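Colleague: Supplied in structure tokens, the structure appears directly below.
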Amino acid sequence: MLTAEALKRKIQSADDLLSVVKTMKALAAVSIRQYQRAVESLADYYRTVEMGLQIVLRDRRGIITGARAGTRAALLGAVVFGSDQGLCGQLNNIIAQHALEEMDKTGIPRENRIVIAVGMRVADILEDSGQKVFEILATPGSTAGITAMVQDITLVMESWRFKNSVENMRLYYNEYLSGATYRPQTLKLLPVDRDWLLTLKRRRWESRTIPMFTMEWERIFRSLIREYLFVSIYRSFANSLASENASRLAAMQNAEKNIEERLEELDVQFHRQRQMTITEELLDIVAGFEAMKEDGNVAKPGKKARRRAAEHL
């Protein structure tokens, strides 16, 4: 059985750990809101890009290039968004399993897949599952670092297209829902969905003002597609980071509950052990007094001592 001092040290350690957990819980809650606002701010930006494509496609007389549903490619480029840090529950396992299942559905063998993993932990899971990871990128610590990471991923994808002729590219990420919930998602990035382009072309223009542009069609169309790719990757990044903090928030809530329950158990053990120690000391004193009394070594108190005792009573 642990001594009172050992239990006291355990209680102190549990209190320190509880303080750390509460701090991480607060940081996760603040980070979720930060990334959620970043996702919300992209809604208007994405709508502007769609309107630009709608304007450009209205004047397109030829066949719209793009991918039809059900078409297969020889190579697959994929970006899987995970985390570098731990204490985020099953986030990396969920997205890694989802990405592997979705990539298997394409029918493209694993040796023909070029995979980028955002986060060391998800990269380890993918490699343990037999999927080779081409490159590992670090996750940014705030929204300020997302833009640079998106630019790096865009450059890598362009290199895939021109050097390796990779035309089929997909993003796998966790989409943040609310509170501490999220779900895995797949975004087909390239080639651009032809049906989506046709839908934009046929969509009714909301304003009475007839839109127009003066730039070369091919040039403005490519620029708008680049903006579409940028906002799509950025949104996936922000959703993934929000989901990471949501998963961490849930993990910290469970940890906080477990630590508080453990503290209650330790407090009960400490008070029980302390009471037992006091009782044992009192019994030792009483036993010693009785032994001295039997040996006749206990002197009777004098008159002055009896008078002082009476005054205290």
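Chain identifiers are assigned as A, B, and so on, following the order in which chains appear in the structure tokens; residues are numbered from 1 within each chain, and ligands are numbered from 1 in order of appearance.
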Can you list, as a ChimeraX atom specification, all residues belonging to region 28-191 of chain A that DSSP tags as helix (DSSP H, G or I)?
Modeller: /A:28-58,91-105,110-112,120-128,143-164
Colleague: Show which residues sit within 12 Å of Glu101 (chain A), as a PyMOL selection string. Count only C-alpha atoms, and ignore same-chain residues fewer than 3 positions away.
Modeller: chain A and resi 94-98+104-108+110+126+129+131+172+184-186
Colleague: Just want the 10 Å neighbourhood of region 220-222 of chain A, counted on only C-alpha atoms, with same-chain residues fewer than 6 positions away dropped. Output as a JSON list (two decimals) with N, CA, C and O atoms, in the first residue's frame.
Modeller:
[["chain", "number", "residue", "atom", "x", "y", "z"],
["A", 52, "GLY", "N", -16.70, 33.69, -62.49],
["A", 52, "GLY", "CA", -15.76, 33.97, -63.56],
["A", 52, "GLY", "C", -15.76, 32.86, -64.60],
["A", 52, "GLY", "O", -15.77, 33.13, -65.82],
["A", 53, "LEU", "N", -15.77, 31.62, -64.16],
["A", 53, "LEU", "CA", -15.83, 30.50, -65.10],
["A", 53, "LEU", "C", -17.16, 30.50, -65.87],
["A", 53, "LEU", "O", -17.20, 30.18, -67.06],
["A", 55, "ILE", "N", -18.88, 33.09, -66.73],
["A", 55, "ILE", "CA", -18.80, 34.13, -67.76],
["A", 55, "ILE", "C", -17.97, 33.65, -68.94],
["A", 55, "ILE", "O", -18.35, 33.84, -70.10],
["A", 56, "VAL", "N", -16.84, 33.03, -68.65],
["A", 56, "VAL", "CA", -15.94, 32.59, -69.71],
["A", 56, "VAL", "C", -16.58, 31.47, -70.54],
["A", 56, "VAL", "O", -16.50, 31.45, -71.78],
["A", 57, "LEU", "N", -17.24, 30.55, -69.87],
["A", 57, "LEU", "CA", -17.82, 29.40, -70.57],
["A", 57, "LEU", "C", -19.04, 29.77, -71.41],
["A", 57, "LEU", "O", -19.38, 29.06, -72.36],
["A", 213, "PHE", "N", -15.55, 40.03, -71.16],
["A", 213, "PHE", "CA", -14.13, 40.07, -70.82],
["A", 213, "PHE", "C", -13.35, 40.40, -72.09],
["A", 213, "PHE", "O", -13.82, 40.18, -73.21],
["A", 214, "THR", "N", -12.16, 40.93, -71.90],
["A", 214, "THR", "CA", -11.34, 41.38, -73.03],
["A", 214, "THR", "C", -10.07, 40.57, -73.20],
["A", 214, "THR", "O", -9.40, 40.69, -74.23],
["A", 228, "TYR", "N", -9.27, 28.12, -58.99],
["A", 228, "TYR", "CA", -10.12, 27.04, -58.50],
["A", 228, "TYR", "C", -9.29, 25.99, -57.75],
["A", 228, "TYR", "O", -9.69, 25.51, -56.68]]
Colleague: Need to verify the contact set: Val21 (chain A), 10 Å, only C-alpha atoms, exclusion of same-chain residues closer than 3 positions in sequence. Can you return it as a VMD selection string?
Modeller: chain A and resid 15 to 18 24 to 27 249 251 to 256 259
Colleague: Those residues with all heavy atoms, as a compact mmCIF listing (two decimals), in the first residue's frame please?
Modeller:
# COMPACT_ATOMS: atom_id res chain seq x y z
N ASP A 15 -2.68 16.74 -10.74
CA ASP A 15 -3.12 18.14 -10.84
C ASP A 15 -2.35 18.87 -11.95
O ASP A 15 -2.94 19.65 -12.72
CB ASP A 15 -2.90 18.85 -9.50
CG ASP A 15 -3.98 18.50 -8.49
OD1 ASP A 15 -5.11 18.21 -8.92
OD2 ASP A 15 -3.69 18.51 -7.28
N ASP A 16 -1.04 18.64 -12.03
CA ASP A 16 -0.23 19.26 -13.08
C ASP A 16 -0.69 18.80 -14.46
O ASP A 16 -0.80 19.60 -15.40
CB ASP A 16 1.24 18.94 -12.88
CG ASP A 16 1.80 19.55 -11.61
OD1 ASP A 16 1.19 20.50 -11.10
OD2 ASP A 16 2.85 19.06 -11.12
N LEU A 17 -0.94 17.49 -14.59
CA LEU A 17 -1.40 16.95 -15.87
C LEU A 17 -2.77 17.51 -16.25
O LEU A 17 -3.03 17.82 -17.42
CB LEU A 17 -1.45 15.43 -15.81
CG LEU A 17 -1.82 14.70 -17.11
CD1 LEU A 17 -0.85 15.04 -18.22
CD2 LEU A 17 -1.86 13.19 -16.87
N LEU A 18 -3.65 17.66 -15.28
CA LEU A 18 -4.97 18.22 -15.53
C LEU A 18 -4.86 19.66 -16.02
O LEU A 18 -5.61 20.09 -16.92
CB LEU A 18 -5.82 18.16 -14.26
CG LEU A 18 -7.25 18.69 -14.37
CD1 LEU A 18 -8.04 17.87 -15.38
CD2 LEU A 18 -7.94 18.65 -13.01
N MET A 24 -4.48 22.63 -23.28
CA MET A 24 -4.57 22.10 -24.63
C MET A 24 -6.01 22.11 -25.13
O MET A 24 -6.28 22.35 -26.31
CB MET A 24 -4.00 20.69 -24.67
CG MET A 24 -2.51 20.60 -24.42
SD MET A 24 -1.87 18.93 -24.60
CE MET A 24 -2.14 18.65 -26.34
N LYS A 25 -6.94 21.86 -24.25
CA LYS A 25 -8.36 21.90 -24.61
C LYS A 25 -8.77 23.30 -25.05
O LYS A 25 -9.47 23.48 -26.05
CB LYS A 25 -9.18 21.44 -23.41
CG LYS A 25 -10.68 21.41 -23.65
CD LYS A 25 -11.40 20.96 -22.38
CE LYS A 25 -12.90 21.08 -22.53
NZ LYS A 25 -13.61 20.68 -21.29
N ALA A 26 -8.32 24.31 -24.30
CA ALA A 26 -8.64 25.70 -24.65
C ALA A 26 -8.00 26.09 -25.99
O ALA A 26 -8.64 26.74 -26.84
CB ALA A 26 -8.18 26.64 -23.55
N LEU A 27 -6.74 25.70 -26.21
CA LEU A 27 -6.06 26.01 -27.46
C LEU A 27 -6.74 25.34 -28.64
O LEU A 27 -6.87 25.94 -29.73
CB LEU A 27 -4.59 25.58 -27.38
CG LEU A 27 -3.69 26.40 -26.45
CD1 LEU A 27 -2.31 25.77 -26.36
CD2 LEU A 27 -3.59 27.84 -26.94
N LEU A 249 -9.69 18.15 -29.27
CA LEU A 249 -10.61 18.65 -28.25
C LEU A 249 -11.38 17.50 -27.61
O LEU A 249 -11.53 17.44 -26.39
CB LEU A 249 -11.57 19.66 -28.87
CG LEU A 249 -12.67 20.22 -27.95
CD1 LEU A 249 -12.04 20.98 -26.79
CD2 LEU A 249 -13.61 21.12 -28.74
N ALA A 251 -10.43 14.36 -27.50
CA ALA A 251 -9.48 13.56 -26.74
C ALA A 251 -9.17 14.22 -25.40
O ALA A 251 -9.06 13.55 -24.36
CB ALA A 251 -8.20 13.35 -27.54
N MET A 252 -9.01 15.55 -25.39
CA MET A 252 -8.71 16.25 -24.15
C MET A 252 -9.90 16.24 -23.20
O MET A 252 -9.73 16.20 -21.97
CB MET A 252 -8.31 17.70 -24.45
CG MET A 252 -6.97 17.85 -25.17
SD MET A 252 -5.58 17.11 -24.28
CE MET A 252 -5.38 15.56 -25.17
N GLN A 253 -11.12 16.27 -23.75
CA GLN A 253 -12.30 16.18 -22.89
C GLN A 253 -12.36 14.82 -22.19
O GLN A 253 -12.66 14.75 -20.99
CB GLN A 253 -13.56 16.41 -23.73
CG GLN A 253 -13.76 17.85 -24.15
CD GLN A 253 -14.93 18.04 -25.09
OE1 GLN A 253 -15.39 17.08 -25.73
NE2 GLN A 253 -15.43 19.25 -25.19
N ASN A 254 -12.06 13.77 -22.92
CA ASN A 254 -12.03 12.44 -22.31
C ASN A 254 -10.91 12.33 -21.28
O ASN A 254 -11.08 11.74 -20.21
CB ASN A 254 -11.86 11.37 -23.39
CG ASN A 254 -13.06 11.26 -24.29
OD1 ASN A 254 -14.19 11.53 -23.88
ND2 ASN A 254 -12.85 10.86 -25.53
N ALA A 255 -9.74 12.90 -21.63
CA ALA A 255 -8.61 12.86 -20.70
C ALA A 255 -8.92 13.64 -19.43
O ALA A 255 -8.59 13.20 -18.32
CB ALA A 255 -7.37 13.42 -21.38
N GLU A 256 -9.56 14.79 -19.58
CA GLU A 256 -9.92 15.60 -18.41
C GLU A 256 -10.88 14.83 -17.49
O GLU A 256 -10.71 14.83 -16.26
CB GLU A 256 -10.59 16.90 -18.87
CG GLU A 256 -10.96 17.84 -17.74
CD GLU A 256 -11.62 19.11 -18.25
OE1 GLU A 256 -12.07 19.11 -19.42
OE2 GLU A 256 -11.70 20.08 -17.49
N ILE A 259 -8.87 12.04 -15.71
CA ILE A 259 -7.97 12.57 -14.68
C ILE A 259 -8.75 13.00 -13.44
O ILE A 259 -8.33 12.76 -12.30
CB ILE A 259 -7.14 13.74 -15.25
CG1 ILE A 259 -6.18 13.23 -16.33
CG2 ILE A 259 -6.35 14.43 -14.14
CD1 ILE A 259 -5.46 14.33 -17.07
Colleague: Write out as a PyMOL selection string which residues come within 8 Å of Thr181 (chain A) when counting only C-alpha atoms, dropping same-chain ones fewer than 5 positions away.
Modeller: chain A and resi 176+243+246-247
Colleague: Residues near region 156-169 of chain A, anyone? I mean within 9 Å using only C-alpha atoms, not counting same-chain ones fewer than 5 positions away, as a PyMOL selection string.
Modeller: chain A and resi 72-79+114+151+187-191
Colleague: I'd like to know which of A:Ile146, A:Ala291, A:Ala238, A:Glu265 is closest to Val39 (chain A), using only C-alpha atoms.
Modeller: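 Residue with the minimum atom-to-atom distance to Val39 (chain A): A:Ala238.
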